[in-house]
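Structure data (compact mmCIF, C-alpha atoms and all ligand atoms) from my_file.txt:
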# COMPACT_ATOMS: atom_id res chain seq x y z
CA MET H 12 60.31 91.07 117.81
CA SER H 13 59.16 94.63 117.07
CA VAL H 14 58.15 95.70 113.58
CA VAL H 15 57.07 99.22 112.66
CA PHE H 16 53.68 99.28 110.94
CA ALA H 17 52.08 102.43 109.55
CA VAL H 18 48.50 103.27 108.65
CA ALA H 19 47.94 105.88 105.95
CA GLN H 20 44.57 107.54 106.34
CA MET H 21 43.30 109.42 103.29
CA GLY H 22 41.29 112.60 103.24
CA PRO H 23 38.53 112.87 100.66
CA VAL H 24 38.90 111.80 97.03
CA HIS H 25 36.47 113.75 94.89
CA LEU H 26 34.87 112.56 91.65
CA ALA H 27 36.97 115.07 89.72
CA ASP H 28 40.29 113.89 91.22
CA THR H 29 42.47 111.88 88.86
CA LYS H 30 43.93 108.51 89.87
CA GLU H 31 47.37 109.90 89.05
CA ALA H 32 46.93 112.66 91.65
CA VAL H 33 45.59 110.19 94.21
CA VAL H 34 48.53 107.85 93.71
CA GLN H 35 50.93 110.76 94.27
CA ARG H 36 49.21 111.33 97.63
CA LEU H 37 49.69 107.65 98.49
CA ILE H 38 53.37 107.83 97.53
CA ALA H 39 53.86 110.92 99.72
CA MET H 40 52.42 109.00 102.68
CA LEU H 41 54.49 105.93 101.83
CA ARG H 42 57.62 108.09 101.96
CA GLU H 43 56.58 109.58 105.29
CA ALA H 44 55.91 106.11 106.70
CA HIS H 45 59.32 104.92 105.47
CA GLY H 46 60.93 107.97 107.12
CA ARG H 47 59.35 106.83 110.38
CA GLY H 48 60.84 103.37 110.01
CA ALA H 49 57.76 101.53 108.74
CA ARG H 50 58.16 98.15 107.04
CA TRP H 51 54.45 97.94 106.13
CA VAL H 52 51.74 100.50 105.31
CA THR H 53 47.99 99.94 105.29
CA PHE H 54 46.05 102.14 102.85
CA PRO H 55 42.20 102.45 102.74
CA GLU H 56 39.47 100.52 100.94
CA LEU H 57 38.89 101.66 97.32
CA ALA H 58 41.83 104.00 97.80
CA LEU H 59 42.23 105.18 94.21
CA THR H 60 38.82 106.79 93.70
CA THR H 61 35.94 108.40 95.47
CA PHE H 62 33.63 105.94 97.27
CA PHE H 63 31.57 105.43 94.11
CA PRO H 64 28.99 102.92 95.49
CA ARG H 65 27.17 105.94 96.91
CA TYR H 66 26.15 106.83 93.33
CA ILE H 67 23.70 105.13 90.95
CA TYR H 68 25.22 103.94 87.68
CA ASP H 69 23.46 101.60 85.29
CA THR H 70 26.02 100.42 82.75
CA PRO H 71 29.66 99.28 82.89
CA GLU H 72 30.47 102.17 80.55
CA GLU H 73 29.46 104.48 83.40
CA TYR H 74 31.27 102.73 86.28
CA ASP H 75 34.22 100.87 84.75
CA ALA H 76 36.46 103.92 85.12
CA PHE H 77 36.48 103.24 88.86
CA PHE H 78 37.93 99.73 88.33
CA GLU H 79 41.49 98.47 87.84
CA GLU H 80 42.61 95.66 85.53
CA GLY H 81 45.93 93.88 86.05
CA LEU H 82 48.24 94.05 89.03
CA PRO H 83 49.69 96.54 89.18
CA SER H 84 47.19 98.37 87.02
CA PRO H 85 48.70 101.28 85.08
CA ALA H 86 47.36 103.73 87.67
CA MET H 87 48.90 101.82 90.59
CA ALA H 88 52.29 101.18 88.98
CA PRO H 89 54.08 104.27 90.40
CA LEU H 90 53.08 103.25 93.94
CA PHE H 91 54.38 99.70 93.42
CA GLU H 92 57.68 101.08 92.11
CA ALA H 93 58.12 103.57 94.95
CA ALA H 94 57.36 100.89 97.57
CA LYS H 95 59.84 98.48 96.04
CA ASP H 96 62.52 101.20 95.94
CA LEU H 97 61.92 101.98 99.61
CA ARG H 98 61.50 98.30 100.52
CA VAL H 99 58.16 98.92 102.20
CA GLY H 100 55.30 96.43 101.95
CA PHE H 101 51.70 97.59 101.73
CA TYR H 102 47.97 96.77 101.72
CA LEU H 103 45.97 98.62 99.08
CA GLY H 104 42.21 98.55 98.53
CA TYR H 105 40.90 98.94 94.99
CA ALA H 106 38.01 98.00 92.69
CA GLU H 107 39.11 94.92 90.72
CA LYS H 108 37.83 93.93 87.29
CA LEU H 109 38.92 90.69 85.64
CA HIS H 110 37.97 88.37 82.79
CA GLU H 111 37.71 84.72 83.81
CA GLY H 112 35.93 81.77 82.20
CA GLY H 113 34.51 83.99 79.48
CA GLN H 114 32.90 86.28 82.05
CA VAL H 115 33.68 89.65 83.58
CA HIS H 116 33.97 89.77 87.36
CA ARG H 117 34.17 92.78 89.64
CA TYR H 118 35.25 92.69 93.28
CA ASN H 119 36.03 95.05 96.12
CA THR H 120 39.61 93.87 96.62
CA ALA H 121 42.74 94.44 98.68
CA VAL H 122 46.21 93.37 97.63
CA LEU H 123 49.19 92.69 99.90
CA VAL H 124 52.55 93.54 98.37
CA GLY H 125 55.79 92.57 100.11
CA PRO H 126 58.75 94.91 100.78
CA ASP H 127 60.55 93.23 97.85
CA GLY H 128 57.69 94.14 95.50
CA ALA H 129 56.30 90.59 95.33
CA ILE H 130 52.52 90.29 95.23
CA LEU H 131 51.78 88.13 98.27
CA GLY H 132 48.10 87.75 97.57
CA LYS H 133 44.64 89.28 97.45
CA TYR H 134 41.48 89.42 99.47
CA ARG H 135 38.04 90.05 97.94
CA LYS H 136 35.42 91.57 100.25
CA VAL H 137 32.97 89.00 101.58
CA HIS H 138 30.49 91.06 103.63
CA LEU H 139 29.14 93.51 101.06
CA PRO H 140 26.89 96.06 102.75
CA GLY H 141 23.99 97.97 101.27
CA THR H 142 21.70 97.05 98.39
CA LYS H 143 21.71 96.08 94.70
CA ASP H 144 18.91 98.44 93.81
CA PRO H 145 18.73 102.04 94.97
CA ILE H 146 16.67 102.72 98.10
CA GLY H 147 15.97 106.18 96.77
CA ASP H 148 14.90 107.81 100.02
CA GLY H 149 18.24 109.15 101.20
CA GLU H 150 20.71 111.73 100.00
CA PHE H 151 23.05 108.92 98.90
CA GLU H 152 22.99 105.17 98.25
CA HIS H 153 25.20 102.27 99.29
CA LEU H 154 25.25 100.02 96.22
CA GLU H 155 28.13 97.63 96.83
CA LYS H 156 25.89 94.66 96.00
CA ARG H 157 25.24 96.28 92.62
CA TYR H 158 28.85 96.77 91.60
CA PHE H 159 30.66 93.85 93.27
CA GLU H 160 30.34 90.09 93.54
CA VAL H 161 30.85 88.47 96.94
CA GLY H 162 34.52 87.65 97.37
CA ASP H 163 35.58 84.13 96.42
CA LEU H 164 38.91 83.87 98.24
CA GLY H 165 37.72 83.37 101.82
CA PHE H 166 39.76 85.11 104.52
CA PRO H 167 43.37 84.47 103.54
CA VAL H 168 46.43 84.89 105.74
CA PHE H 169 49.85 85.50 104.26
CA GLY H 170 53.14 84.50 105.87
CA THR H 171 55.92 87.10 105.66
CA PRO H 172 59.32 87.28 107.40
CA ASP H 173 57.87 89.96 109.71
CA ALA H 174 54.48 88.48 110.66
CA ARG H 175 51.51 86.47 109.43
CA MET H 176 49.02 88.97 108.01
CA GLY H 177 45.29 88.64 107.43
CA LEU H 178 43.34 91.00 105.19
CA CYS H 179 39.74 92.13 105.30
CA ILE H 180 37.80 95.17 104.14
CA CYS H 181 35.55 97.67 105.92
CA ASN H 182 32.16 96.04 106.70
CA ASP H 183 33.96 92.72 107.34
CA ARG H 184 35.21 94.24 110.62
CA ARG H 185 31.68 94.23 112.07
CA TRP H 186 31.53 90.42 111.77
CA PRO H 187 33.59 88.51 114.37
CA GLU H 188 33.74 85.45 112.11
CA THR H 189 36.07 87.40 109.81
CA PHE H 190 38.78 87.74 112.41
CA ARG H 191 38.35 84.36 114.07
CA VAL H 192 38.84 82.57 110.75
CA MET H 193 42.02 84.54 110.10
CA ALA H 194 43.22 83.95 113.67
CA LEU H 195 42.67 80.21 113.24
CA ARG H 196 44.97 80.50 110.23
CA GLY H 197 47.64 82.02 112.45
CA ALA H 198 47.20 85.73 111.69
CA GLU H 199 49.26 87.98 113.95
CA VAL H 200 48.28 91.24 112.23
CA PHE H 201 44.92 92.21 110.70
CA MET H 202 45.01 94.87 107.98
CA LEU H 203 41.90 96.61 106.70
CA GLY H 204 40.74 99.73 104.95
CA TYR H 205 37.33 101.39 105.29
CA ASN H 206 34.94 103.99 103.89
CA THR H 207 32.26 104.55 106.53
CA PRO H 208 29.69 107.28 105.91
CA THR H 209 29.03 109.45 108.96
CA ARG H 210 25.31 108.90 108.40
CA ASN H 211 23.64 105.51 108.59
CA ILE H 212 21.21 105.40 105.64
CA HIS H 213 19.30 102.40 106.98
CA HIS H 214 18.15 103.95 110.23
CA PRO H 215 18.88 107.24 111.97
CA GLU H 216 21.47 107.10 114.74
CA PRO H 217 23.67 109.68 116.47
CA ALA H 218 26.85 110.35 114.46
CA HIS H 219 29.10 109.46 117.41
CA LEU H 220 27.91 105.84 117.21
CA ARG H 221 29.64 105.41 113.86
CA GLU H 222 33.03 106.10 115.44
CA PHE H 223 32.15 104.09 118.53
CA HIS H 224 31.13 100.98 116.57
CA ASN H 225 34.28 101.24 114.46
CA ALA H 226 36.50 101.29 117.55
CA LEU H 227 34.42 98.65 119.35
CA SER H 228 34.65 96.19 116.46
CA LEU H 229 38.37 96.69 115.95
CA GLN H 230 39.36 96.62 119.60
CA SER H 231 37.39 93.46 120.31
CA ALA H 232 38.83 91.81 117.19
CA ALA H 233 42.36 92.59 118.40
CA TYR H 234 41.81 91.35 121.94
CA GLN H 235 39.72 88.26 121.19
CA ASN H 236 42.26 87.03 118.66
CA GLY H 237 45.51 88.27 120.20
CA ALA H 238 46.44 90.19 117.06
CA TRP H 239 47.52 93.68 116.05
CA VAL H 240 45.00 95.68 113.99
CA MET H 241 45.91 98.22 111.30
CA ALA H 242 42.79 100.15 110.22
CA ALA H 243 42.90 102.86 107.54
CA ALA H 244 39.97 105.17 106.81
CA LYS H 245 39.10 107.24 103.79
CA ALA H 246 37.77 110.20 105.73
CA GLY H 247 36.21 113.62 105.40
CA SER H 248 33.73 115.06 102.95
CA GLU H 249 33.86 113.59 99.43
CA ASP H 250 31.87 116.00 97.26
CA GLY H 251 29.73 116.78 100.32
CA PHE H 252 29.32 113.16 101.55
CA ALA H 253 30.92 112.88 104.98
CA MET H 254 32.86 109.85 106.18
CA ILE H 255 34.38 109.06 109.56
CA GLY H 256 38.12 109.05 110.20
CA GLY H 257 39.52 107.42 113.32
CA SER H 258 42.21 105.36 111.58
CA CYS H 259 44.06 103.47 114.26
CA ILE H 260 46.59 100.88 115.32
CA ILE H 261 45.35 98.55 118.06
CA ALA H 262 47.44 96.27 120.23
CA PRO H 263 46.48 92.65 120.92
CA THR H 264 45.40 93.85 124.38
CA GLY H 265 42.62 95.79 122.66
CA GLU H 266 44.26 99.13 123.46
CA VAL H 267 44.50 101.86 120.82
CA VAL H 268 48.21 102.74 120.53
CA ALA H 269 47.93 105.27 117.67
CA ARG H 270 44.95 107.15 116.24
CA ALA H 271 44.62 109.68 113.42
CA ILE H 272 43.40 113.07 114.65
CA SER H 273 42.40 114.60 111.31
CA GLU H 274 40.04 113.82 108.45
CA ASP H 275 42.87 114.33 105.94
CA ASP H 276 45.85 112.42 104.61
CA GLU H 277 47.67 111.41 107.80
CA VAL H 278 50.22 108.76 108.68
CA ILE H 279 50.29 107.05 112.05
CA ALA H 280 52.90 104.44 113.01
CA HIS H 281 53.86 102.18 115.88
CA ALA H 282 56.62 99.68 116.69
CA CYS H 283 54.52 96.57 117.22
CA ASP H 284 55.78 93.89 119.60
CA LEU H 285 54.58 90.63 118.09
CA GLU H 286 55.32 88.75 121.31
CA LEU H 287 52.44 90.63 122.95
CA GLY H 288 49.97 88.83 120.69
CA ALA H 289 51.76 85.52 121.07
CA TYR H 290 51.45 85.80 124.86
CA ILE H 291 47.69 86.35 124.66
CA ARG H 292 47.37 83.43 122.24
CA ARG H 293 49.24 81.22 124.73
CA SER H 294 47.06 82.20 127.67
CA VAL H 295 43.46 83.43 127.75
CA PHE H 296 42.97 82.91 124.00
CA ASP H 297 44.90 79.68 123.57
CA PHE H 298 42.46 78.35 120.99
CA ALA H 299 43.71 74.76 121.08
CA ARG H 300 43.08 74.50 124.84
CA HIS H 301 39.88 76.50 125.26
CA ARG H 302 37.75 76.54 122.10
CA ARG H 303 34.70 74.25 121.92
CA PRO H 304 33.89 73.91 118.21
CA GLU H 305 31.45 71.07 118.92
CA HIS H 306 29.11 73.82 120.19
CA TYR H 307 29.68 76.29 117.37
CA GLY H 308 27.72 74.45 114.65
CA PRO H 309 25.07 77.14 113.98
CA ILE H 310 27.79 79.62 113.06
CA THR H 311 28.48 77.80 109.79
CA ALA H 312 25.19 75.88 109.41
CA GLN H 313 22.86 78.92 109.56
CA THR H 314 22.76 82.39 108.10
CA GLY H 315 19.86 83.87 110.06
CA VAL H 316 18.24 83.10 113.37
CA GLU H 317 16.41 79.74 113.64
CA ILE H 318 14.24 79.10 116.67
CA ALA H 319 13.66 75.39 117.34
CA ASP H 320 10.92 75.49 120.02
N1 LIG I 401 32.36 100.48 102.84
C1 LIG I 401 31.65 99.85 103.80
O1 LIG I 401 31.66 98.62 103.88
N2 LIG I 401 30.95 100.64 104.63
C2 LIG I 401 30.10 100.11 105.68
C3 LIG I 401 28.91 101.01 105.93
C4 LIG I 401 28.00 101.05 104.80
C5 LIG I 401 28.13 100.56 107.15
C6 LIG I 401 30.84 99.92 106.98
O2 LIG I 401 30.70 98.86 107.58
O3 LIG I 401 31.50 100.84 107.44
Let me see whether you can do it: turn the structure in this file into structure tokens.
Ligand code: CDV
Amino acid sequence: MSVVFAVAQMGPVHLADTKEAVVQRLIAMLREAHGRGARWVTFPELALTTFFPRYIYDTPEEYDAFFEEGLPSPAMAPLFEAAKDLRVGFYLGYAEKLHEGGQVHRYNTAVLVGPDGAILGKYRKVHLPGTKDPIGDGEFEHLEKRYFEVGDLGFPVFGTPDARMGLCICNDRRWPETFRVMALRGAEVFMLGYNTPTRNIHHPEPAHLREFHNALSLQSAAYQNGAWVMAAAKAGSEDGFAMIGGSCIIAPTGEVVARAISEDDEVIAHACDLELGAYIRRSVFDFARHRRPEHYGPITAQTGVEIAD
């Protein structure tokens, strides 16, 4: 069965841009994707605002404007309505704030909404990169550990009439555990958004490696799990801070079948044959026949390296 999936890459969102204007850009891309036959669209991580963890804020009064409360939040509502009208499902990354158990929680979240407008579920980012406190020696920070809690929903997979879909966010794609857990839950399609600065603040490396590691992580995830990958970047220079593009759709063979060529708003789409993944999961990556979990203990028992001898 073939299903058309689209990935909607975003160009920069500047600090001065309003959420209303950003949502209109998302709706324009949703319409384009629908015009190209898409049933599902993947939008980027933290799609409604600039990538604010690069900045230092000290109080919720300073950073709460980047967060959304309720689903849909007032800012997102026009996108939800347009998608329901067009009968297109979507993945959307956003900063989530909620009150639970008398406490306020903030997560880096993605929601999956079905073509009928039903909220199928959420994912909250597990692998938060960067630091809690500013490093202070670069031209920007990466303070996700300051603004977000570690996600508490694991790596969920949602069944839909079109495919079983697993969600993750940005840095999660560098960790193979992310995809294997979703694959063991029967994911046939992985959806993810990302904001990846062109410069690595932790150690200097050539800029081309950022694109290479993005593609390497995604292509291996697709192949090793026999799943399609939908990866949506927020790209280009946000108020002078450059981020990679390279949004792509990857087949379960690990081959890139569509790739954005710009660092702007750009829709790519592909008719994805789900049988291609099923074939790989019946052969070389038939987990039930070939996996050896009795030898995988350290993966869940340890965080860092432990040397016994
Ligand atoms: N938003 C991210 O998670 N960005 C990370 C950067 C900081 C390395 C990424 O993995 O692309």
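The nearest approach to ligand LIG 401 (chain I) among the residues H:Pro64, H:Gly125, H:Gly22, H:Gly197, with all atoms listed in the file taken into account, belongs to H:Pro64.
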At most 8 Å from ligand LIG 401 (chain I) (all atoms listed in the file): residue list as a PyMOL selection string: chain H and resi 56+62+138-141+153+155+180-185+205-208+211+225
Name the residues in contact with H:Glu43 at a cut-off of 10 Å, using only C-alpha atoms, excluding same-chain residues fewer than 4 positions from it; report them as a ChimeraX atom specification. /H:17,19,37-39,47-49,277-280
Keeping only C-alpha atoms, take the residues you just selected and write them out as an mmCIF file, in the coordinates of the input.
data_model
loop_
_atom_site.group_PDB
_atom_site.id
_atom_site.type_symbol
_atom_site.label_atom_id
_atom_site.label_comp_id
_atom_site.auth_asym_id
_atom_site.auth_seq_id
_atom_site.Cartn_x
_atom_site.Cartn_y
_atom_site.Cartn_z
ATOM 1 C CA ALA H 17 52.080 102.430 109.550
ATOM 2 C CA ALA H 19 47.940 105.880 105.950
ATOM 3 C CA LEU H 37 49.690 107.650 98.490
ATOM 4 C CA ILE H 38 53.370 107.830 97.530
ATOM 5 C CA ALA H 39 53.860 110.920 99.720
ATOM 6 C CA ARG H 47 59.350 106.830 110.380
ATOM 7 C CA GLY H 48 60.840 103.370 110.010
ATOM 8 C CA ALA H 49 57.760 101.530 108.740
ATOM 9 C CA GLU H 277 47.670 111.410 107.800
ATOM 10 C CA VAL H 278 50.220 108.760 108.680
ATOM 11 C CA ILE H 279 50.290 107.050 112.050
ATOM 12 C CA ALA H 280 52.900 104.440 113.010
#
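Pairwise distance (atom CA of H:Ile310, atom CA of H:Arg117) equals 27.6 Å.
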Taking (45.0, 85.6, 104.4) as a centre in this file's frame and 12 Å as the limit, can you find every polymer residue with an atom that close, using all atoms listed in the file, and give them as number ranges by chain? H: 102, 121-123, 131-135, 164-171, 174-180, 189-203
Residues of the last selection are to be written out with C-alpha atoms, as a compact mmCIF listing (two decimals), keeping the file's coordinate frame.
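Result file again_8.txt:
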# COMPACT_ATOMS: atom_id res chain seq x y z
CA TYR H 102 47.97 96.77 101.72
CA ALA H 121 42.74 94.44 98.68
CA VAL H 122 46.21 93.37 97.63
CA LEU H 123 49.19 92.69 99.90
CA LEU H 131 51.78 88.13 98.27
CA GLY H 132 48.10 87.75 97.57
CA LYS H 133 44.64 89.28 97.45
CA TYR H 134 41.48 89.42 99.47
CA ARG H 135 38.04 90.05 97.94
CA LEU H 164 38.91 83.87 98.24
CA GLY H 165 37.72 83.37 101.82
CA PHE H 166 39.76 85.11 104.52
CA PRO H 167 43.37 84.47 103.54
CA VAL H 168 46.43 84.89 105.74
CA PHE H 169 49.85 85.50 104.26
CA GLY H 170 53.14 84.50 105.87
CA THR H 171 55.92 87.10 105.66
CA ALA H 174 54.48 88.48 110.66
CA ARG H 175 51.51 86.47 109.43
CA MET H 176 49.02 88.97 108.01
CA GLY H 177 45.29 88.64 107.43
CA LEU H 178 43.34 91.00 105.19
CA CYS H 179 39.74 92.13 105.30
CA ILE H 180 37.80 95.17 104.14
CA THR H 189 36.07 87.40 109.81
CA PHE H 190 38.78 87.74 112.41
CA ARG H 191 38.35 84.36 114.07
CA VAL H 192 38.84 82.57 110.75
CA MET H 193 42.02 84.54 110.10
CA ALA H 194 43.22 83.95 113.67
CA LEU H 195 42.67 80.21 113.24
CA ARG H 196 44.97 80.50 110.23
CA GLY H 197 47.64 82.02 112.45
CA ALA H 198 47.20 85.73 111.69
CA GLU H 199 49.26 87.98 113.95
CA VAL H 200 48.28 91.24 112.23
CA PHE H 201 44.92 92.21 110.70
CA MET H 202 45.01 94.87 107.98
CA LEU H 203 41.90 96.61 106.70
